[in-house]
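Trainee: The following file, data-v4.cif, comprises mmCIF, C-alpha atoms:
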```
data_protein
#
loop_
_atom_site.label_atom_id
_atom_site.label_comp_id
_atom_site.auth_asym_id
_atom_site.auth_seq_id
_atom_site.Cartn_x
_atom_site.Cartn_y
_atom_site.Cartn_z
CA MET A 21 -78.25 -104.96 -153.39
CA ALA A 22 -81.37 -102.82 -153.85
CA VAL A 23 -81.87 -99.33 -152.38
CA ILE A 24 -85.28 -97.64 -152.20
CA ALA A 25 -85.79 -93.97 -151.28
CA ALA A 26 -89.02 -92.01 -150.91
CA LEU A 27 -89.73 -88.35 -150.18
CA GLY A 28 -93.13 -86.85 -149.41
CA ALA A 29 -94.54 -83.48 -148.32
CA ALA A 30 -97.99 -82.17 -147.35
CA GLU A 31 -99.54 -78.86 -146.32
CA HIS A 32 -102.83 -77.98 -144.56
CA ASP A 33 -104.22 -74.46 -144.18
CA GLY A 34 -106.63 -75.11 -141.28
CA TRP A 35 -109.77 -73.64 -142.82
CA SER A 36 -111.24 -76.92 -144.10
CA ASP A 37 -111.81 -78.34 -140.60
CA GLY A 38 -114.00 -75.39 -139.56
CA SER A 39 -111.61 -74.22 -136.87
CA PRO A 40 -111.99 -70.61 -135.67
CA ARG A 41 -108.22 -70.33 -135.72
CA LEU A 42 -105.96 -70.11 -138.72
CA THR A 43 -103.85 -73.26 -138.41
CA ALA A 44 -101.09 -74.05 -140.88
CA VAL A 45 -99.53 -77.54 -140.85
CA HIS A 46 -96.50 -78.59 -142.90
CA ARG A 47 -95.24 -82.19 -143.05
CA TRP A 48 -92.38 -83.89 -144.85
CA THR A 49 -90.89 -87.41 -144.74
CA LEU A 50 -87.72 -89.02 -146.09
CA GLU A 51 -87.29 -92.83 -146.05
CA VAL A 52 -84.41 -95.00 -147.27
CA GLU A 53 -84.27 -98.82 -147.29
CA SER A 54 -81.62 -101.26 -148.54
CA ARG A 55 -81.81 -105.02 -149.01
CA GLN A 56 -78.86 -107.31 -149.69
CA THR A 57 -78.88 -111.09 -150.15
CA GLY A 58 -75.72 -113.06 -149.56
CA GLY A 59 -74.78 -116.64 -150.26
CA GLY A 60 -77.34 -119.30 -149.38
CA ASP A 61 -80.13 -117.94 -147.17
CA ALA A 62 -78.13 -115.04 -145.73
CA LEU A 63 -80.04 -111.76 -145.61
CA ARG A 64 -79.05 -108.25 -144.60
CA ARG A 65 -81.36 -105.22 -144.58
CA TRP A 66 -81.24 -101.73 -143.16
CA GLY A 67 -83.41 -98.64 -143.28
CA ALA A 68 -83.71 -95.10 -141.98
CA SER A 69 -86.41 -92.44 -141.89
CA LEU A 70 -86.64 -88.78 -140.95
CA SER A 71 -89.88 -86.81 -140.68
CA GLY A 72 -90.90 -83.34 -139.56
CA ARG A 73 -94.15 -81.60 -138.70
CA SER A 74 -94.58 -77.88 -138.14
CA GLN A 75 -97.87 -76.45 -136.87
CA THR A 76 -98.61 -72.75 -136.39
CA GLN A 77 -101.81 -71.33 -134.92
CA ARG A 78 -102.78 -67.73 -135.59
CA GLY A 79 -105.79 -65.84 -134.31
CA TRP A 80 -107.10 -62.61 -132.86
CA ALA A 81 -106.79 -61.50 -129.24
CA GLY A 82 -110.17 -60.24 -128.04
CA ARG A 83 -112.79 -58.89 -130.43
CA MET A 84 -110.54 -57.12 -132.91
CA PRO A 85 -110.91 -59.04 -136.18
CA TRP A 86 -109.94 -56.02 -138.23
CA LEU A 87 -106.32 -56.49 -137.10
CA PRO A 88 -104.01 -59.01 -138.79
CA PRO A 89 -104.01 -62.42 -137.03
CA ALA A 90 -101.09 -62.91 -134.66
CA ARG A 91 -99.25 -66.11 -133.86
CA GLN A 92 -100.68 -67.73 -130.73
CA ALA A 93 -98.81 -71.05 -130.61
CA ALA A 94 -96.39 -73.08 -132.70
CA GLN A 95 -95.03 -76.61 -132.45
CA ASP A 96 -92.24 -78.36 -134.37
CA THR A 97 -91.94 -82.16 -134.15
CA TRP A 98 -88.97 -84.12 -135.50
CA ARG A 99 -88.87 -87.92 -135.67
CA ALA A 100 -85.92 -90.08 -136.75
CA ALA A 101 -85.48 -93.85 -136.89
CA ALA A 102 -82.94 -96.40 -138.11
CA TRP A 103 -82.79 -100.18 -138.08
CA VAL A 104 -80.64 -103.06 -139.28
CA GLU A 105 -81.72 -106.69 -139.71
CA THR A 106 -79.64 -109.75 -140.44
CA GLY A 107 -80.15 -113.49 -140.47
CA THR A 108 -79.69 -116.79 -142.20
CA GLY A 109 -82.24 -119.49 -142.83
CA ALA A 110 -85.08 -119.16 -140.31
CA TRP A 111 -83.01 -117.10 -137.86
CA ARG A 112 -83.44 -113.33 -137.67
CA GLY A 113 -81.92 -110.56 -135.56
CA ARG A 114 -82.89 -106.89 -135.58
CA LEU A 115 -81.58 -103.73 -133.92
CA GLY A 116 -83.66 -100.55 -134.04
CA TRP A 117 -83.33 -96.95 -132.83
CA ARG A 118 -85.87 -94.12 -132.86
CA THR A 119 -86.16 -90.67 -131.33
CA VAL A 120 -88.59 -87.74 -131.22
CA ARG A 121 -88.06 -84.09 -130.34
CA VAL A 122 -90.89 -81.61 -129.76
CA HIS A 123 -90.25 -77.86 -129.72
CA GLU A 124 -93.07 -75.65 -128.39
CA ARG A 125 -92.93 -71.96 -129.35
CA GLY A 126 -95.45 -69.96 -127.37
CA VAL A 127 -96.01 -66.22 -127.28
CA ALA A 128 -94.19 -65.75 -123.98
CA GLN A 129 -91.69 -68.61 -123.87
CA ALA A 130 -90.38 -71.70 -125.66
CA SER A 131 -89.75 -75.26 -124.44
CA ALA A 132 -88.35 -78.49 -125.85
CA ASP A 133 -88.76 -82.17 -124.99
CA ASP A 134 -87.33 -85.38 -126.45
CA ARG A 135 -87.35 -89.15 -125.93
CA THR A 136 -85.35 -92.04 -127.44
CA ALA A 137 -85.86 -95.81 -127.63
CA LEU A 138 -83.58 -98.73 -128.55
CA SER A 139 -84.98 -102.16 -129.49
CA LEU A 140 -83.27 -105.54 -129.89
CA SER A 141 -85.00 -108.67 -131.17
CA VAL A 142 -83.92 -112.21 -132.03
CA GLY A 143 -85.88 -115.27 -133.09
CA ALA A 144 -86.58 -118.04 -135.57
CA SER A 145 -89.45 -118.12 -138.07
CA PRO A 146 -89.56 -121.38 -140.03
CA THR A 147 -92.13 -121.78 -142.78
CA THR A 148 -93.78 -124.65 -140.89
CA GLY A 149 -93.77 -125.84 -137.28
CA TRP A 150 -92.86 -123.78 -134.23
CA GLY A 151 -91.20 -120.35 -134.20
CA TRP A 152 -90.41 -117.72 -131.59
CA ARG A 153 -89.22 -114.14 -131.15
CA PHE A 154 -87.89 -112.20 -128.16
CA VAL A 155 -88.00 -108.37 -128.13
CA GLN A 156 -86.33 -106.04 -125.62
CA VAL A 157 -86.96 -102.27 -125.71
CA TRP A 158 -85.32 -99.51 -123.63
CA ALA A 159 -86.57 -95.91 -123.56
CA TRP A 160 -85.11 -92.79 -121.94
CA GLY A 161 -85.36 -89.01 -122.03
CA GLY A 162 -88.27 -86.65 -121.39
CA GLU A 163 -92.04 -87.07 -121.69
CA ALA A 164 -92.38 -86.61 -125.47
CA ASP A 165 -94.82 -89.03 -127.12
CA LEU A 166 -92.48 -91.51 -128.80
CA LEU A 167 -94.30 -94.13 -130.88
CA SER A 168 -93.16 -97.62 -131.87
CA VAL A 169 -94.69 -100.81 -133.25
CA GLU A 170 -93.43 -104.34 -132.58
CA ALA A 171 -94.64 -107.66 -134.05
CA PRO A 172 -93.49 -110.47 -131.72
CA ALA A 173 -95.44 -113.06 -133.73
CA PRO A 174 -97.27 -113.19 -137.07
CA GLY A 175 -100.69 -111.56 -136.73
CA LEU A 176 -99.85 -109.84 -133.42
CA VAL A 177 -98.97 -106.14 -133.59
CA LEU A 178 -98.18 -104.14 -130.43
CA PRO A 179 -98.27 -100.32 -130.80
CA ARG A 180 -96.54 -98.45 -127.99
CA HIS A 181 -96.39 -94.90 -126.58
CA TRP A 182 -93.12 -94.51 -124.65
CA GLY A 183 -93.74 -91.21 -122.87
CA ARG A 184 -94.45 -92.98 -119.53
CA TRP A 185 -92.50 -96.26 -119.90
CA ARG A 186 -88.80 -97.10 -119.63
CA ASP A 187 -88.48 -100.70 -120.93
CA GLU A 188 -90.38 -103.77 -122.08
CA ARG A 189 -89.68 -107.46 -122.63
CA THR A 190 -91.87 -109.45 -125.02
CA LEU A 191 -91.80 -113.13 -125.96
CA GLY A 192 -93.86 -114.38 -128.87
CA VAL A 193 -94.39 -117.94 -130.15
CA HIS A 194 -96.21 -119.15 -133.24
CA TRP A 195 -97.04 -122.40 -134.99
CA ARG A 196 -98.03 -123.13 -138.57
CA ARG A 197 -98.96 -126.35 -140.32
CA GLY A 198 -100.68 -126.30 -143.67
CA GLY A 199 -103.58 -123.85 -143.49
CA VAL A 200 -103.67 -123.71 -139.68
CA ALA A 201 -101.73 -121.04 -137.76
CA ALA A 202 -101.69 -119.91 -134.12
CA ALA A 203 -99.67 -117.27 -132.27
CA ALA A 204 -99.38 -115.90 -128.72
CA CYS A 205 -97.22 -113.34 -126.93
CA ALA A 206 -96.64 -112.10 -123.38
CA ALA A 207 -95.16 -108.70 -122.48
CA CYS A 208 -93.96 -106.98 -119.31
CA ARG A 209 -93.60 -103.18 -119.43
CA ARG A 210 -92.10 -101.09 -116.61
CA PRO A 211 -93.00 -97.42 -115.99
CA ARG A 212 -90.54 -94.55 -116.14
CA SER A 213 -91.03 -93.63 -112.47
CA PRO A 214 -89.21 -96.04 -110.08
CA GLY A 215 -92.25 -96.45 -107.81
CA GLY A 216 -94.72 -97.17 -110.60
CA THR A 217 -96.55 -100.42 -111.28
CA ALA A 218 -95.48 -102.70 -114.11
CA ALA A 219 -97.99 -103.59 -116.84
CA TYR A 220 -98.47 -107.13 -118.13
CA GLU A 221 -100.12 -108.08 -121.40
CA PHE A 222 -101.04 -111.34 -123.14
CA ARG A 223 -102.41 -111.75 -126.65
CA ALA A 224 -103.25 -114.76 -128.81
CA THR A 225 -104.69 -115.39 -132.24
CA ALA A 226 -105.53 -118.35 -134.49
CA ALA A 227 -106.37 -118.62 -138.17
CA LEU A 228 -107.58 -121.31 -140.55
CA ALA A 229 -107.16 -121.01 -144.31
CA TRP A 230 -109.68 -123.19 -146.16
CA ARG A 231 -110.27 -123.48 -149.86
CA GLY A 232 -113.64 -124.66 -151.08
CA TRP A 233 -114.62 -126.02 -154.42
#
```
Written as C-alpha cells, how would this file's structure read?
Mentor:
Amino acid sequence: MAVIAALGAAEHDGWSDGSPRLTAVHRWTLEVESRQTGGGDALRRWGASLSGRSQTQRGWAGRMPWLPPARQAAQDTWRAAAWVETGTGAWRGRLGWRTVRVHERGVAQASADDRTALSLSVGASPTTGWGWRFVQVWAWGGEADLLSVEAPAPGLVLPRHWGRWRDERTLGVHWRRGGVAAAACAACRRPRSPGGTAAYEFRATAALAWRGW
C-alpha cells in the first residue's frame, strides 16, 4: 500500500493586478491519496482533499485616503472531497463526495451558504474492444458554486457547476482496437427547482494513433 500526501499554501496582496482596492488572498490545500493492490487484478484506492480560500478587501470610504483603509468585504471558502474506488480486472466502481461552504463577512452583516454532491459510478474498461461507464450524481443544499469533474469515457471530460442542478445521469461508451479509439456519452441533468427544464448533452470523440517511418 502506498500513501501520498501534499500540502500547499499561497498568498496574494492585491497590488499586482492594479486594483484600486487592497485585496489580500490566502489559499491552502491538503491532499491525501492511498493505493492498494490485492491478489490478481484487484485494486483499491481512496483519497481526500481539503482546501480553503480567504479573501479580504480593504479600501477607503469617500475621498479620505489619509485614513487607514477599512475592511469593506471578506469571503471565506472551504472545499472538502473524498472518494473510494475499487475493482477487479476491467471492472471499476467509484463513490465520491464533495462539499463547499462560503461565508460572506460584510460590514453590516454576515451570511453563509453551502452545497454538497454525492457521485456513484460503475463500468468496465478493457484494454481493447468495447467498454462503458454509468455515472449518477446527486446534489443538495444552497446555491454555493460547487464544482465537479466527471469522465464517463476516455477523452471526454464533463466539468459541472452544481449551484442550479440537483442530479445528473451519464452513460459513456468507448471502443479501442489497435491505434483506433472512439468514445461517446449522453447526459441528462435536472435543475434544482421542481418546475425547471432538464438539460440534455451528447458528446463524441475519435482518435487515430499512427506511426510513420
Trainee: Ranking A:Arg112, A:His46, A:His181, A:Arg125 by minimum distance to A:Ser71 and counting all atoms listed in the file, which one comes first?
Mentor: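 Looking at the shortest contact to A:Ser71, the residue is A:His46.
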Trainee: Applied to the shown file, which residues does the PyMOL selection byres ((chain A and resi 198-204) around 7) return, written as a list in words?
Mentor: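 So the PyMOL selection byres ((chain A and resi 198-204) around 7) ends up selecting Ala173, Pro174, Gly192, Val193, His194, Trp195, Arg196, Arg197, Cys205, Arg223, Ala224, Thr225, Ala226, Ala227, Leu228, Ala229 and Trp230 of chain A.
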Trainee: Could you tell me which residues the PyMOL selection byres ((chain A and resi 150-166) around 6) returns for this structure, as a PyMOL selection string?
Mentor: chain A and resi 120+133-145+149+167+172+181-183+186-195
Trainee: Residues picked by the PyMOL selection byres ((chain A and resi 108) around 12) here, as a VMD selection string?
Mentor: chain A and resid 57 to 65 105 to 107 109 to 113 142 to 146
Trainee: Would you output that residue set with C-alpha atoms, as a PDB file, in the frame of the given file?
Mentor:
```
ATOM      1  CA  THR A  57     -78.880-111.090-150.150  1.00  0.00           C
ATOM      2  CA  GLY A  58     -75.720-113.060-149.560  1.00  0.00           C
ATOM      3  CA  GLY A  59     -74.780-116.640-150.260  1.00  0.00           C
ATOM      4  CA  GLY A  60     -77.340-119.300-149.380  1.00  0.00           C
ATOM      5  CA  ASP A  61     -80.130-117.940-147.170  1.00  0.00           C
ATOM      6  CA  ALA A  62     -78.130-115.040-145.730  1.00  0.00           C
ATOM      7  CA  LEU A  63     -80.040-111.760-145.610  1.00  0.00           C
ATOM      8  CA  ARG A  64     -79.050-108.250-144.600  1.00  0.00           C
ATOM      9  CA  ARG A  65     -81.360-105.220-144.580  1.00  0.00           C
ATOM     10  CA  GLU A 105     -81.720-106.690-139.710  1.00  0.00           C
ATOM     11  CA  THR A 106     -79.640-109.750-140.440  1.00  0.00           C
ATOM     12  CA  GLY A 107     -80.150-113.490-140.470  1.00  0.00           C
ATOM     13  CA  GLY A 109     -82.240-119.490-142.830  1.00  0.00           C
ATOM     14  CA  ALA A 110     -85.080-119.160-140.310  1.00  0.00           C
ATOM     15  CA  TRP A 111     -83.010-117.100-137.860  1.00  0.00           C
ATOM     16  CA  ARG A 112     -83.440-113.330-137.670  1.00  0.00           C
ATOM     17  CA  GLY A 113     -81.920-110.560-135.560  1.00  0.00           C
ATOM     18  CA  VAL A 142     -83.920-112.210-132.030  1.00  0.00           C
ATOM     19  CA  GLY A 143     -85.880-115.270-133.090  1.00  0.00           C
ATOM     20  CA  ALA A 144     -86.580-118.040-135.570  1.00  0.00           C
ATOM     21  CA  SER A 145     -89.450-118.120-138.070  1.00  0.00           C
ATOM     22  CA  PRO A 146     -89.560-121.380-140.030  1.00  0.00           C
TER      23      PRO A 146
END
```
Trainee: Would you mind reading off the distance between atom CA of A:Thr76 and atom CA of A:Gln92, one decimal, in Å?
Mentor: 7.8 Å
Trainee: Atom CA of A:Trp185 to atom CA of A:Gly72: how many Å, to one decimal?
Mentor: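 Atom CA of A:Trp185 sits 23.6 Å away from atom CA of A:Gly72.
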Trainee: Give the answer as one residue: which of A:Ser54, A:Thr148, A:Thr43, A:Thr217 has the shortest atom-to-atom distance to A:Ala93, using only C-alpha atoms?
Mentor: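 Closest candidate: A:Thr43.
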Trainee: Would you mind telling me which residue in A:Leu115, A:Ala94, A:Ala102, A:Ala206 lies nearest to A:Glu51 when using all atoms listed in the file?
Mentor: A:Ala102
Trainee: So how far away is atom CA of A:Trp66 from atom CA of A:Arg114, in Å?
Mentor: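 One can read the atom CA of A:Arg114 to atom CA of A:Trp66 distance as 9.3 Å.
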